[in-house]
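Okay, my_file_7.cif now, which holds mmCIF, C-alpha atoms:
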data_work
loop_
_atom_site.label_atom_id
_atom_site.label_comp_id
_atom_site.auth_asym_id
_atom_site.auth_seq_id
_atom_site.Cartn_x
_atom_site.Cartn_y
_atom_site.Cartn_z
CA MET A 17 34.90 -1.39 0.42
CA ALA A 18 33.55 -4.47 -1.34
CA ASP A 19 36.62 -6.48 -0.29
CA THR A 20 36.13 -5.39 3.32
CA LYS A 21 32.55 -6.62 3.31
CA CYS A 22 33.67 -9.89 1.73
CA VAL A 23 36.30 -10.46 4.43
CA ARG A 24 33.80 -9.58 7.15
CA HIS A 25 31.37 -12.08 5.66
CA ILE A 26 34.02 -14.79 5.76
CA VAL A 27 35.44 -14.20 9.26
CA THR A 28 31.99 -13.95 10.84
CA GLY A 29 31.03 -17.43 9.65
CA GLY A 30 29.31 -16.69 6.37
CA PHE A 31 29.00 -19.22 3.52
CA TRP A 32 29.92 -18.87 -0.17
CA GLU A 33 29.54 -21.07 -3.23
CA ASP A 34 32.68 -22.42 -4.86
CA ALA A 35 33.30 -23.26 -8.53
CA ASN A 36 31.83 -26.75 -8.10
CA GLY A 37 28.56 -25.44 -6.68
CA CYS A 38 29.34 -26.50 -3.10
CA TRP A 39 28.88 -24.19 -0.13
CA GLN A 40 32.04 -23.50 1.83
CA ARG A 41 32.80 -21.81 5.13
CA ALA A 42 35.91 -20.56 6.88
CA GLY A 43 37.70 -22.95 9.21
CA THR A 44 37.52 -22.97 12.99
CA ASN A 45 40.91 -21.26 13.34
CA VAL A 46 39.78 -18.29 11.23
CA LEU A 47 36.53 -18.00 13.15
CA SER A 48 38.19 -18.28 16.52
CA THR A 49 40.77 -15.64 15.58
CA PHE A 50 38.05 -13.14 14.86
CA ARG A 51 36.04 -14.20 17.90
CA ASP A 52 38.98 -13.77 20.27
CA SER A 53 40.34 -10.51 18.84
CA PRO A 54 38.54 -7.36 20.06
CA LEU A 55 40.70 -5.27 17.72
CA LEU A 56 39.43 -7.09 14.61
CA GLN A 57 35.90 -6.91 15.91
CA HIS A 58 36.20 -3.17 16.38
CA HIS A 59 37.60 -2.63 12.86
CA PHE A 60 34.83 -4.67 11.26
CA GLY A 61 32.10 -2.94 13.25
CA TRP A 62 31.18 -6.03 15.24
CA THR A 63 29.10 -5.22 18.33
CA LEU A 64 29.22 -7.66 21.16
CA GLU A 65 25.97 -8.70 22.72
CA ALA A 66 25.57 -7.50 26.26
CA GLY A 67 25.35 -10.21 28.84
CA THR A 68 21.74 -11.04 29.73
CA PRO A 69 21.01 -11.46 33.43
CA PRO A 70 19.79 -14.90 34.44
CA ALA A 71 16.08 -15.67 34.42
CA GLY A 72 14.31 -14.71 37.61
CA CYS A 73 16.83 -12.02 38.48
CA VAL A 74 15.19 -8.93 39.98
CA GLN A 75 16.94 -5.65 39.29
CA LEU A 76 16.94 -2.95 41.93
CA PRO A 77 16.28 0.71 41.11
CA ALA A 78 18.65 3.47 42.10
CA ARG A 79 18.98 4.16 45.79
CA THR A 80 17.23 7.54 45.46
CA GLN A 81 14.26 5.90 43.71
CA GLN A 82 13.76 3.01 46.07
CA THR A 83 10.43 2.66 47.88
CA ARG A 84 10.21 0.43 50.96
CA GLN A 85 7.08 -1.10 52.44
CA HIS A 86 6.17 -3.65 55.05
CA THR A 87 4.35 -6.81 54.09
CA ARG A 88 1.17 -5.49 55.70
CA GLN A 89 1.18 -2.57 53.23
CA THR A 90 1.49 -4.72 50.13
CA SER A 91 -1.10 -6.64 48.14
CA ALA A 92 0.36 -9.87 49.49
CA SER A 93 -1.38 -9.21 52.80
CA SER A 94 -4.80 -9.31 51.16
CA HIS A 95 -7.08 -12.12 52.29
CA GLU A 96 -7.55 -13.00 48.59
CA ALA A 97 -3.80 -13.55 48.14
CA THR A 98 -2.22 -16.98 47.94
CA CYS A 99 1.34 -17.06 49.26
CA PRO A 100 3.94 -19.85 49.26
CA GLU A 101 5.14 -21.30 52.52
CA SER A 102 8.53 -19.65 52.22
CA PHE A 103 7.11 -16.15 51.92
CA PRO A 104 7.95 -14.07 55.05
CA LEU A 105 4.93 -12.24 56.41
CA ASP A 106 6.94 -9.92 58.62
CA ALA A 107 9.51 -8.29 56.39
CA THR A 108 10.37 -5.03 54.65
CA TRP A 109 10.47 -4.96 50.87
CA ILE A 110 11.82 -2.74 48.09
CA LEU A 111 9.19 -1.95 45.45
CA ARG A 112 9.25 -0.73 41.83
CA THR A 113 11.80 -3.17 40.49
CA SER A 114 11.89 -5.36 37.38
CA VAL A 115 12.34 -9.08 36.82
CA ILE A 116 14.00 -10.89 33.90
CA ALA A 117 11.91 -13.60 32.21
CA PRO A 118 13.44 -16.70 30.57
CA SER A 119 12.50 -15.17 27.20
CA GLY A 120 14.80 -12.23 27.99
CA ASP A 121 11.95 -9.76 28.54
CA VAL A 122 12.20 -7.17 31.27
CA CYS A 123 8.93 -7.38 33.20
CA GLU A 124 8.06 -4.35 35.29
CA GLN A 125 5.13 -3.39 37.45
CA HIS A 126 1.74 -3.55 35.64
CA SER A 127 3.19 -5.84 32.96
CA TRP A 128 1.10 -8.77 31.71
CA VAL A 129 2.88 -12.10 31.99
CA ILE A 130 2.41 -15.84 31.80
CA ALA A 131 3.72 -17.48 34.97
CA THR A 132 3.56 -20.69 36.96
CA ASP A 133 1.45 -20.63 40.11
CA ASN A 134 2.26 -22.33 43.39
CA GLN A 135 0.56 -25.55 42.25
CA GLY A 136 2.67 -25.74 39.07
CA SER A 137 -0.14 -24.73 36.71
CA MET A 138 0.03 -22.00 34.10
CA MET A 139 -1.64 -18.71 34.90
CA ILE A 140 -2.03 -15.35 33.18
CA GLY A 141 -2.07 -12.14 35.12
CA GLN A 142 -0.80 -8.63 35.66
CA ILE A 143 2.13 -7.85 37.92
CA ALA A 144 0.86 -5.84 40.86
CA GLU A 145 4.08 -5.61 42.88
CA LEU A 146 7.65 -6.84 42.78
CA LEU A 147 9.03 -7.48 46.26
CA VAL A 148 12.74 -7.54 46.97
CA PRO A 149 13.93 -7.94 50.55
CA VAL A 150 15.94 -5.08 51.96
CA PRO A 151 19.60 -6.12 51.87
CA GLY A 152 21.54 -6.28 55.06
CA SER A 153 24.37 -3.96 53.97
CA SER A 154 24.69 -0.96 51.69
CA GLU A 155 27.11 -2.84 49.45
CA ASP A 156 24.50 -5.49 48.69
CA ALA A 157 21.93 -2.81 47.91
CA THR A 158 23.88 -1.71 44.86
CA HIS A 159 23.85 -5.16 43.27
CA GLU A 160 21.10 -7.26 41.80
CA ALA A 161 19.08 -8.99 44.46
CA ALA A 162 19.27 -12.72 44.72
CA ALA A 163 16.53 -14.49 42.83
CA SER A 164 15.84 -16.87 45.69
CA GLN A 165 14.80 -13.98 47.95
CA SER A 166 12.49 -12.06 45.54
CA TYR A 167 8.78 -12.51 45.02
CA ILE A 168 6.17 -11.20 42.60
CA VAL A 169 2.53 -10.43 43.36
CA ILE A 170 0.39 -11.20 40.30
CA GLU A 171 -3.31 -10.44 39.89
CA ARG A 172 -4.88 -13.51 38.32
CA PHE A 173 -7.14 -13.51 35.27
CA LEU A 174 -9.00 -16.34 33.64
CA LEU A 175 -8.59 -17.22 29.97
CA GLY A 176 -11.93 -17.42 28.18
CA SER A 177 -12.78 -20.35 25.95
CA ILE A 178 -14.51 -18.16 23.33
CA ARG A 179 -12.64 -15.68 21.18
CA HIS A 180 -13.58 -12.05 20.79
CA GLN A 181 -16.33 -11.57 18.23
CA THR A 182 -14.64 -8.61 16.52
CA THR A 183 -10.88 -9.12 16.81
CA GLY A 184 -10.80 -12.91 17.23
CA CYS A 185 -8.35 -12.59 20.14
CA PRO A 186 -8.49 -14.57 23.40
CA VAL A 187 -10.40 -12.84 26.19
CA LEU A 188 -9.22 -12.35 29.79
CA ARG A 189 -11.62 -11.75 32.67
CA PRO A 190 -11.35 -11.69 36.50
CA PRO A 191 -12.18 -14.93 38.34
CA ARG A 192 -14.92 -13.15 40.25
CA PRO A 193 -16.60 -9.83 39.43
CA ASN A 194 -15.52 -6.88 41.53
CA THR A 195 -12.89 -9.02 43.28
CA ARG A 196 -9.13 -8.96 42.81
CA ILE A 197 -7.37 -12.25 43.46
CA PHE A 198 -3.59 -12.24 43.88
CA GLU A 199 -0.96 -14.93 43.64
CA VAL A 200 2.44 -14.49 45.28
CA VAL A 201 5.02 -16.50 43.34
CA HIS A 202 8.74 -16.75 43.13
CA SER A 203 10.49 -14.34 40.75
CA ALA A 204 11.66 -17.28 38.63
CA ALA A 205 8.05 -18.34 37.98
CA VAL A 206 7.60 -15.69 35.28
CA LEU A 207 7.81 -17.27 31.81
CA LEU A 208 7.23 -14.53 29.23
CA LEU A 209 5.78 -11.10 28.58
CA LEU A 210 2.34 -10.65 26.99
CA ASN A 211 0.75 -7.92 24.90
CA VAL A 212 -2.67 -7.36 26.49
CA GLN A 213 -5.10 -4.58 25.56
CA HIS A 214 -8.26 -3.31 27.19
CA ASP A 215 -11.54 -4.37 25.59
CA CYS A 216 -12.73 -0.86 24.78
CA GLU A 217 -15.60 -2.09 22.62
CA VAL A 218 -17.37 -3.80 25.50
CA ALA A 219 -16.36 -1.17 28.05
CA LYS A 220 -17.60 1.72 25.85
CA CYS A 221 -14.39 3.71 26.26
CA SER A 222 -14.48 7.23 24.84
CA ILE A 223 -12.05 9.77 23.44
CA ALA A 224 -11.91 12.91 25.57
CA PRO A 225 -10.34 16.14 24.26
CA GLY A 226 -7.37 17.45 26.22
CA SER A 227 -7.08 14.31 28.32
CA ARG A 228 -3.44 13.60 27.51
CA ALA A 229 -0.30 15.70 27.62
CA VAL A 230 1.91 15.87 24.54
CA ARG A 231 5.33 14.39 25.26
CA GLN A 232 8.48 15.98 23.92
CA GLU A 233 12.00 14.77 24.65
CA ARG A 234 10.46 12.13 26.96
CA GLN A 235 8.82 14.79 29.09
CA ASP A 236 5.22 15.95 29.39
CA THR A 237 4.51 19.42 28.03
CA GLU A 238 1.70 21.83 28.78
CA VAL A 239 0.10 21.11 25.41
CA ARG A 240 -2.88 18.84 25.70
CA GLU A 241 -4.39 16.55 23.07
CA ALA A 242 -7.31 14.19 22.72
CA GLY A 243 -6.79 10.75 24.20
CA LEU A 244 -8.60 7.55 24.94
CA VAL A 245 -10.08 7.36 28.42
CA HIS A 246 -10.60 3.78 29.60
CA ASN A 247 -13.55 2.75 31.65
CA SER A 248 -11.93 1.57 34.89
CA GLU A 249 -15.05 -0.31 35.97
CA SER A 250 -14.66 -2.80 33.14
CA ARG A 251 -11.89 -5.33 33.70
CA LEU A 252 -12.14 -7.26 30.43
CA PHE A 253 -8.98 -7.54 28.36
CA LEU A 254 -7.73 -9.09 25.12
CA ILE A 255 -4.49 -10.95 24.39
CA ASN A 256 -3.07 -9.36 21.27
CA THR A 257 -2.21 -12.48 19.28
CA HIS A 258 -1.56 -10.30 16.19
CA ALA A 259 1.67 -9.01 17.78
CA LEU A 260 4.93 -10.54 16.58
CA HIS A 261 6.74 -10.34 19.91
CA ASN A 262 6.92 -13.75 21.61
CA ALA A 263 4.50 -15.18 19.02
CA ALA A 264 6.16 -18.60 19.01
CA LEU A 265 6.31 -18.80 22.81
CA LEU A 266 2.71 -17.70 23.12
CA ARG A 267 1.57 -20.58 20.92
CA ARG A 268 3.25 -23.04 23.24
CA HIS A 269 1.13 -22.00 26.21
CA LEU A 270 -2.27 -21.14 24.69
CA PRO A 271 -4.66 -23.75 23.28
CA ARG A 272 -4.84 -24.18 19.53
CA SER A 273 -8.55 -23.31 19.46
CA LEU A 274 -7.73 -19.74 20.50
CA LEU A 275 -4.94 -19.25 17.97
CA CYS A 276 -5.95 -21.09 14.79
CA PRO A 277 -6.99 -18.93 11.83
CA LEU A 278 -10.70 -18.28 11.61
CA PRO A 279 -12.38 -19.03 8.25
CA LEU A 280 -14.14 -16.16 6.60
CA TYR A 281 -17.09 -18.44 5.76
CA GLU A 282 -18.12 -21.52 7.66
CA ASP A 283 -19.25 -23.52 4.60
CA ARG A 284 -16.61 -22.78 1.99
CA PRO A 285 -17.97 -25.03 -0.82
CA GLU A 286 -21.44 -23.53 -0.42
CA ARG A 287 -19.96 -20.06 -0.64
CA HIS A 288 -18.18 -21.06 -3.87
CA ARG A 289 -21.44 -22.32 -5.35
CA GLU A 290 -23.18 -19.04 -4.49
CA LEU A 291 -20.44 -17.06 -6.16
CA ALA A 292 -20.55 -19.30 -9.24
CA THR A 293 -24.32 -18.86 -9.55
CA SER A 294 -24.10 -15.09 -9.32
CA LEU A 295 -21.19 -14.99 -11.77
CA ARG A 296 -23.15 -16.95 -14.38
CA VAL A 297 -25.82 -14.23 -14.40
CA THR A 298 -23.48 -11.26 -14.30
CA GLU A 299 -21.09 -12.68 -16.90
CA ALA A 300 -23.99 -13.42 -19.29
CA LEU A 301 -25.16 -9.82 -18.96
CA LYS A 302 -21.62 -8.57 -19.58
CA ARG A 303 -21.27 -10.73 -22.71
CA ALA A 304 -24.62 -9.50 -24.09
CA GLU A 305 -23.61 -5.90 -23.49
CA THR A 306 -20.26 -6.49 -25.17
CA GLN A 307 -21.90 -8.05 -28.23
CA LYS A 308 -24.33 -5.15 -28.47
CA LYS A 309 -21.51 -2.61 -28.42
CA ARG A 310 -19.57 -4.65 -30.98
CA ALA A 311 -22.54 -4.75 -33.38
CA ALA A 312 -23.03 -0.99 -33.04
CA THR A 313 -19.36 -0.45 -33.80
CA ARG A 314 -19.52 -2.64 -36.91
CA GLN A 315 -22.62 -0.81 -38.18
CA LYS A 316 -20.98 2.56 -37.66
CA LYS A 317 -17.86 1.48 -39.56
CA ALA A 318 -19.99 0.11 -42.43
CA GLN A 319 -21.84 3.41 -42.76
CA GLN A 320 -18.58 5.33 -42.87
CA ALA A 321 -17.20 3.00 -45.56
CA GLY A 322 -20.37 3.39 -47.73
CA ALA A 323 -20.22 7.18 -47.52
CA THR A 324 -16.59 7.11 -48.68
CA THR A 325 -17.44 4.87 -51.70
CA ARG A 326 -20.39 6.98 -52.95
CA GLY A 327 -18.30 10.15 -52.99
CA PRO A 328 -18.59 13.47 -51.24
CA SER A 329 -22.00 14.73 -50.23
CA HIS A 330 -23.36 18.21 -50.87
CA PRO A 331 -21.43 20.00 -48.12
CA GLY A 332 -18.19 18.35 -49.23
CA THR A 333 -18.55 18.65 -53.03
CA SER A 334 -15.24 19.43 -54.70
CA THR A 335 -14.54 22.76 -56.42
CA ALA A 336 -14.21 21.23 -59.89
CA ALA A 337 -17.59 19.51 -59.61
CA ARG A 338 -19.27 22.74 -58.55
CA ALA A 339 -17.62 24.57 -61.50
CA VAL A 340 -18.93 22.27 -64.23
CA GLY A 341 -22.17 20.82 -62.97
CA ASP A 342 -25.11 21.13 -60.67
CA VAL A 343 -24.39 20.42 -57.04
CA SER A 344 -27.98 19.83 -56.01
CA GLU A 345 -27.54 16.02 -56.31
CA PRO A 346 -24.45 14.09 -55.32
CA SER A 347 -24.70 11.88 -58.41
CA GLY A 348 -24.72 14.92 -60.77
CA SER A 349 -21.65 16.31 -59.07
CA TRP A 350 -19.87 13.02 -59.52
CA GLN A 351 -20.81 12.86 -63.23
CA ALA A 352 -19.58 16.42 -63.75
CA VAL A 353 -16.22 15.56 -62.20
CA GLU A 354 -15.91 12.51 -64.45
CA SER A 355 -16.79 14.59 -67.55
CA VAL A 356 -14.10 17.14 -66.79
CA ARG A 357 -11.60 14.35 -66.22
CA GLN A 358 -12.41 12.74 -69.60
CA GLU A 359 -12.21 16.03 -71.52
CA ARG A 360 -8.84 16.70 -70.00
CA HIS A 361 -7.66 13.26 -71.03
CA HIS A 362 -8.74 13.57 -74.73
CA GLY A 363 -6.98 16.82 -75.48
CA MET A 364 -8.54 19.68 -73.73
CA ASP A 365 -5.36 21.66 -74.46
CA SER A 366 -6.45 22.30 -78.08
CA ASP A 367 -9.54 24.21 -77.08
CA VAL A 368 -8.89 27.88 -76.52
CA ILE A 369 -11.47 30.21 -75.14
CA ASP A 370 -11.62 33.26 -77.38
CA SER A 371 -11.50 36.31 -75.17
CA GLY A 372 -12.49 38.65 -78.07
CA ALA A 373 -15.92 37.13 -78.80
CA SER A 374 -19.09 38.28 -77.18
CA VAL A 375 -21.84 36.27 -75.62
CA ALA A 376 -25.40 36.97 -76.66
CA GLY A 377 -26.86 39.59 -74.41
CA HIS A 378 -23.49 40.33 -72.81
CA PRO A 379 -21.39 42.69 -74.98
CA GLY A 380 -17.72 42.42 -74.41
CA GLY A 381 -18.03 38.93 -73.04
CA LEU A 382 -16.36 35.69 -74.10
CA ALA A 383 -17.88 32.89 -76.14
CA VAL A 384 -16.77 29.29 -76.19
CA GLY A 385 -15.98 27.89 -79.66
CA ALA A 386 -15.97 31.30 -81.48
CA PRO A 387 -13.56 31.80 -84.45
CA ARG A 388 -10.31 33.53 -83.87
CA PRO A 389 -10.74 37.33 -84.45
CA ALA A 390 -7.14 37.98 -85.41
CA THR A 391 -4.04 36.40 -86.87
CA VAL A 392 -1.10 36.34 -84.58
CA SER A 393 2.26 36.86 -86.24
CA GLY A 394 5.66 36.59 -84.72
CA ASP A 395 7.97 34.02 -83.34
CA GLN A 396 6.81 31.15 -81.21
CA SER A 397 8.99 31.92 -78.27
CA GLY A 398 6.27 33.71 -76.39
CA SER A 399 7.47 37.25 -77.16
CA PRO A 400 4.94 39.98 -78.01
CA ALA A 401 3.78 40.16 -81.68
CA ASP A 402 1.62 42.46 -83.82
CA VAL A 403 -1.98 41.37 -84.15
CA GLU A 404 -4.22 42.41 -87.06
CA SER A 405 -7.61 43.12 -85.63
CA THR A 406 -10.76 41.93 -87.47
CA SER A 407 -13.28 42.77 -84.81
CA PRO A 408 -16.01 45.22 -85.68
CA PRO A 409 -16.02 48.75 -84.26
CA GLY A 410 -17.22 49.03 -80.73
CA THR A 411 -15.96 45.61 -79.70
CA LEU A 412 -12.72 44.66 -78.01
CA GLY A 413 -10.47 47.09 -79.83
CA CYS A 414 -7.11 47.91 -78.47
CA GLY A 415 -6.65 51.52 -79.65
CA ASP A 416 -6.37 53.19 -83.09
CA ASP A 417 -4.06 50.57 -84.45
CA ASN A 418 -6.57 47.84 -83.46
CA ARG A 419 -3.90 45.87 -81.75
CA ALA A 420 -4.71 43.38 -79.01
CA GLU A 421 -2.85 40.72 -77.17
CA PHE A 422 -4.74 37.62 -76.23
CA ALA A 423 -3.69 35.36 -73.39
CA ARG A 424 -4.51 31.76 -73.08
CA PRO A 425 -6.86 31.14 -70.13
CA LYS A 426 -5.61 29.01 -67.23
CA ARG A 427 -7.15 25.59 -66.90
CA ARG A 428 -8.67 24.55 -63.60
CA ARG A 429 -7.03 21.55 -62.03
CA VAL A 430 -9.45 18.85 -60.98
CA GLU A 431 -8.39 16.80 -58.00
#
Can you dump the structure from the file as structure tokens?
Amino acid sequence: MADTKCVRHIVTGGFWEDANGCWQRAGTNVLSTFRDSPLLQHHFGWTLEAGTPPAGCVQLPARTQQTRQHTRQTSASSHEATCPESFPLDATWILRTSVIAPSGDVCEQHSWVIATDNQGSMMIGQIAELLVPVPGSSEDATHEAAASQSYIVIERFLLGSIRHQTTGCPVLRPPRPNTRIFEVVHSAAVLLLLNVQHDCEVAKCSIAPGSRAVRQERQDTEVREAGLVHNSESRLFLINTHALHNAALLRRHLPRSLLCPLPLYEDRPERHRELATSLRVTEALKRAETQKKRAATRQKKAQQAGATTRGPSHPGTSTAARAVGDVSEPSGSWQAVESVRQERHHGMDSDVIDSGASVAGHPGGLAVGAPRPATVSGDQSGSPADVESTSPPGTLGCGDDNRAEFARPKRRRVE
């Protein structure tokens, strides 16, 4: 698949970079072979461009859709219409056709166009009617009418010199209020198609519920929806210069003053100075607020570091400190913990709490530092041994044989 795309790129005239960094292209024989071979074009998915009718050519509708009118029934017979000398006043015309502009656009009835009037000047207007003479034979009626025999009736509008205050687009207005002025020109006088919108802001157009039918499969259904209802009394329009279609051609015919970008501020340097002045104030306030928050953060961290250095407070006093000292003051708790740590370091293992002694006022209790009440005999392997009791009657005797087994108390580990 990648090779197929590469070959298609080459035979269609694409460029590629060689090893020396130069851009190469296939020769004329390769390009002409692909151009002249419909089979290769079909295999590579090449679609030929359909032939465009010549500019000024007016296309006829189907025979069943043709509408014929005399000149007296058309807008060309209006006393406000300007017709060329070659325009026949007593003729029958076919209406509802379309004309091809030099830009390739298909301009139909009610389309907005830029055209050349009978004096050779540029004009902007809306196509009111397209007039094609009735052919003399039925065979001619099936073909495109000759451009030299077709005419277009255009309603003229004037281009305003001031842009719209909201959209910045050029404004179109009738030459005279409540009067429609027409210009009958040759079909080849049309230059290009325009995108023109109604000025709903000035006309006060409203959105009416159920004013538009919902279209499905290109047909109107019975379902209605809200739509914009234009005020027909207002005939003010805007040229949509924001559209991309024919943007380059439009700039050739409209003055630069109506198309140049509009500055957001008239005096740009003054606007910059205003912004700089306001930023000096706001940035100074932001810096002061940042410094204030930074100082508060430093103070909070310093307090936390001091609390960690002084040791735990009353709620967080360790178990060893509460066991050996008073916990009412943090300093006493810390001294008690240090005392226990020193005693443990200097040989606390040699002190044994005698479980057979009694504390004053508490018979049967234990006293610290009391002499051993019995002599333990036996091996030193930790096995049970006979003990000769020397405690007086009524104390911690262990039966008639006055035997007792004393266990060494567990030491509390200080973290």
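Taking only C-alpha atoms into account, Met139 in chain A lies nearest to A:Arg172 out of the set A:Arg172, A:Ile26, A:Gly72, A:Ser227.
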| Evaluate the PyMOL selection byres ((chain A and resi 228) around 6) and report residues as a PyMOL selection string | chain A and resi 226-227+229+240-241+243
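Atom pair CA of Leu244 in chain A / CA of Val218 in chain A: separated by 14.4 Å.
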| query | Could you pull the residues within 6 Å of range 126-133 of chain A, counting all atoms listed in the file, minus those fewer than 2 positions along the same chain, as number ranges by chain? | reply | A: 123-124, 135-144, 205-210
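Among A:Val201, A:Thr195, A:Arg251, A:Lys21, the residue with the shortest atom-to-atom distance to Lys220 in chain A, counting all atoms listed in the file, is A:Arg251.
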| task | For Pro70 in chain A, list every protein, DNA or RNA residue within 10 Å, evaluated using all atoms listed in the file, and leave out those in the same chain fewer than 5 positions away; present the list as a ChimeraX atom specification. | result | /A:115-118,120,163,204
Take every atom of range 174-187 of chain A listed in the file, fit an axis-aligned box around them, add 3 Å per side, and give the centre and edge lengths in Å to one decimal as JSON.
{"center_x": -12.3, "center_y": -14.5, "center_z": 25.1, "size_x": 14.0, "size_y": 17.7, "size_z": 23.1}
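Interatomic distance, CA of Ser119 in chain A against CA of His261 in chain A: 10.5 Å.
Computed from the coordinates, the CA of Ser94 in chain A to CA of Glu249 in chain A distance equals 20.4 Å.
Minimum distance to Thr90 in chain A across A:Thr183, A:Leu111, A:Glu233, A:Ala264 (counting all atoms listed in the file) occurs at A:Leu111.
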| Applied to this file, what does the PyMOL selection byres ((chain A and resi 213) around 9) return in terms of residues, put as an MDAnalysis selection string? | chainID A and resid 211:212 214:216 252:256
| Which neighbours of range 77-83 of chain A fall inside 9 Å, counting only C-alpha atoms, when residues of the same chain fewer than 2 positions from it are skipped, and could you give them as a PyMOL selection string? | chain A and resi 75+85+109-114+157-158
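For the set A:Ile168, A:Val297, A:Leu174, A:Leu76, the residue with the smallest atom-to-atom gap to Val150 in chain A is A:Leu76, counting only C-alpha atoms.
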| field | Resolved residues for the PyMOL selection byres ((chain A and resi 268-281) around 10) as an NGL selection string | value | :A and (130 or 138-139 or 175-180 or 184-187 or 207 or 257-258 or 263-267 or 282-287)
Counting only C-alpha atoms, which residues sit no farther than 7 Å from the position (3.1, -11.3, 54.4) in the file's frame? I'd like them as a PDB file with C-alpha atoms, in the frame of the given file.
ATOM      1  CA  THR A  87       4.350  -6.810  54.090  1.00  0.00           C
ATOM      2  CA  ARG A  88       1.170  -5.490  55.700  1.00  0.00           C
ATOM      3  CA  ALA A  92       0.360  -9.870  49.490  1.00  0.00           C
ATOM      4  CA  SER A  93      -1.380  -9.210  52.800  1.00  0.00           C
ATOM      5  CA  PHE A 103       7.110 -16.150  51.920  1.00  0.00           C
ATOM      6  CA  PRO A 104       7.950 -14.070  55.050  1.00  0.00           C
ATOM      7  CA  LEU A 105       4.930 -12.240  56.410  1.00  0.00           C
ATOM      8  CA  ASP A 106       6.940  -9.920  58.620  1.00  0.00           C
TER       9      ASP A 106
END
Can you complete the atoms of range 289-293 of chain A to all heavy atoms and list them as a PDB file, in the coordinates of the input?
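This is the output file part04.pdb:
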ATOM      1  N   ARG A 289     -20.290 -22.098  -4.464  1.00  0.00           N
ATOM      2  CA  ARG A 289     -21.440 -22.320  -5.350  1.00  0.00           C
ATOM      3  C   ARG A 289     -22.282 -21.049  -5.480  1.00  0.00           C
ATOM      4  O   ARG A 289     -22.787 -20.745  -6.569  1.00  0.00           O
ATOM      5  CB  ARG A 289     -22.289 -23.481  -4.793  1.00  0.00           C
ATOM      6  CG  ARG A 289     -21.674 -24.854  -5.028  1.00  0.00           C
ATOM      7  CD  ARG A 289     -22.655 -25.954  -4.690  1.00  0.00           C
ATOM      8  NE  ARG A 289     -22.861 -26.041  -3.256  1.00  0.00           N
ATOM      9  CZ  ARG A 289     -22.148 -26.828  -2.433  1.00  0.00           C
ATOM     10  NH1 ARG A 289     -21.173 -27.570  -2.916  1.00  0.00           N
ATOM     11  NH2 ARG A 289     -22.407 -26.865  -1.145  1.00  0.00           N
ATOM     12  N   GLU A 290     -22.435 -20.309  -4.405  1.00  0.00           N
ATOM     13  CA  GLU A 290     -23.180 -19.040  -4.490  1.00  0.00           C
ATOM     14  C   GLU A 290     -22.484 -18.057  -5.421  1.00  0.00           C
ATOM     15  O   GLU A 290     -23.135 -17.387  -6.236  1.00  0.00           O
ATOM     16  CB  GLU A 290     -23.327 -18.450  -3.093  1.00  0.00           C
ATOM     17  CG  GLU A 290     -24.219 -19.248  -2.156  1.00  0.00           C
ATOM     18  CD  GLU A 290     -24.285 -18.634  -0.777  1.00  0.00           C
ATOM     19  OE1 GLU A 290     -23.656 -17.562  -0.592  1.00  0.00           O
ATOM     20  OE2 GLU A 290     -24.957 -19.192   0.106  1.00  0.00           O
ATOM     21  N   LEU A 291     -21.176 -17.972  -5.282  1.00  0.00           N
ATOM     22  CA  LEU A 291     -20.440 -17.060  -6.160  1.00  0.00           C
ATOM     23  C   LEU A 291     -20.523 -17.505  -7.623  1.00  0.00           C
ATOM     24  O   LEU A 291     -20.653 -16.671  -8.530  1.00  0.00           O
ATOM     25  CB  LEU A 291     -18.974 -16.986  -5.721  1.00  0.00           C
ATOM     26  CG  LEU A 291     -18.692 -16.334  -4.366  1.00  0.00           C
ATOM     27  CD1 LEU A 291     -17.217 -16.426  -4.040  1.00  0.00           C
ATOM     28  CD2 LEU A 291     -19.155 -14.888  -4.357  1.00  0.00           C
ATOM     29  N   ALA A 292     -20.462 -18.814  -7.865  1.00  0.00           N
ATOM     30  CA  ALA A 292     -20.550 -19.300  -9.240  1.00  0.00           C
ATOM     31  C   ALA A 292     -21.918 -19.005  -9.849  1.00  0.00           C
ATOM     32  O   ALA A 292     -22.021 -18.612 -11.018  1.00  0.00           O
ATOM     33  CB  ALA A 292     -20.280 -20.810  -9.275  1.00  0.00           C
ATOM     34  N   THR A 293     -22.979 -19.149  -9.047  1.00  0.00           N
ATOM     35  CA  THR A 293     -24.320 -18.860  -9.550  1.00  0.00           C
ATOM     36  C   THR A 293     -24.475 -17.385  -9.900  1.00  0.00           C
ATOM     37  O   THR A 293     -25.025 -17.030 -10.954  1.00  0.00           O
ATOM     38  CB  THR A 293     -25.367 -19.262  -8.496  1.00  0.00           C
ATOM     39  OG1 THR A 293     -25.213 -20.649  -8.173  1.00  0.00           O
ATOM     40  CG2 THR A 293     -26.771 -19.017  -9.014  1.00  0.00           C
TER      41      THR A 293
END
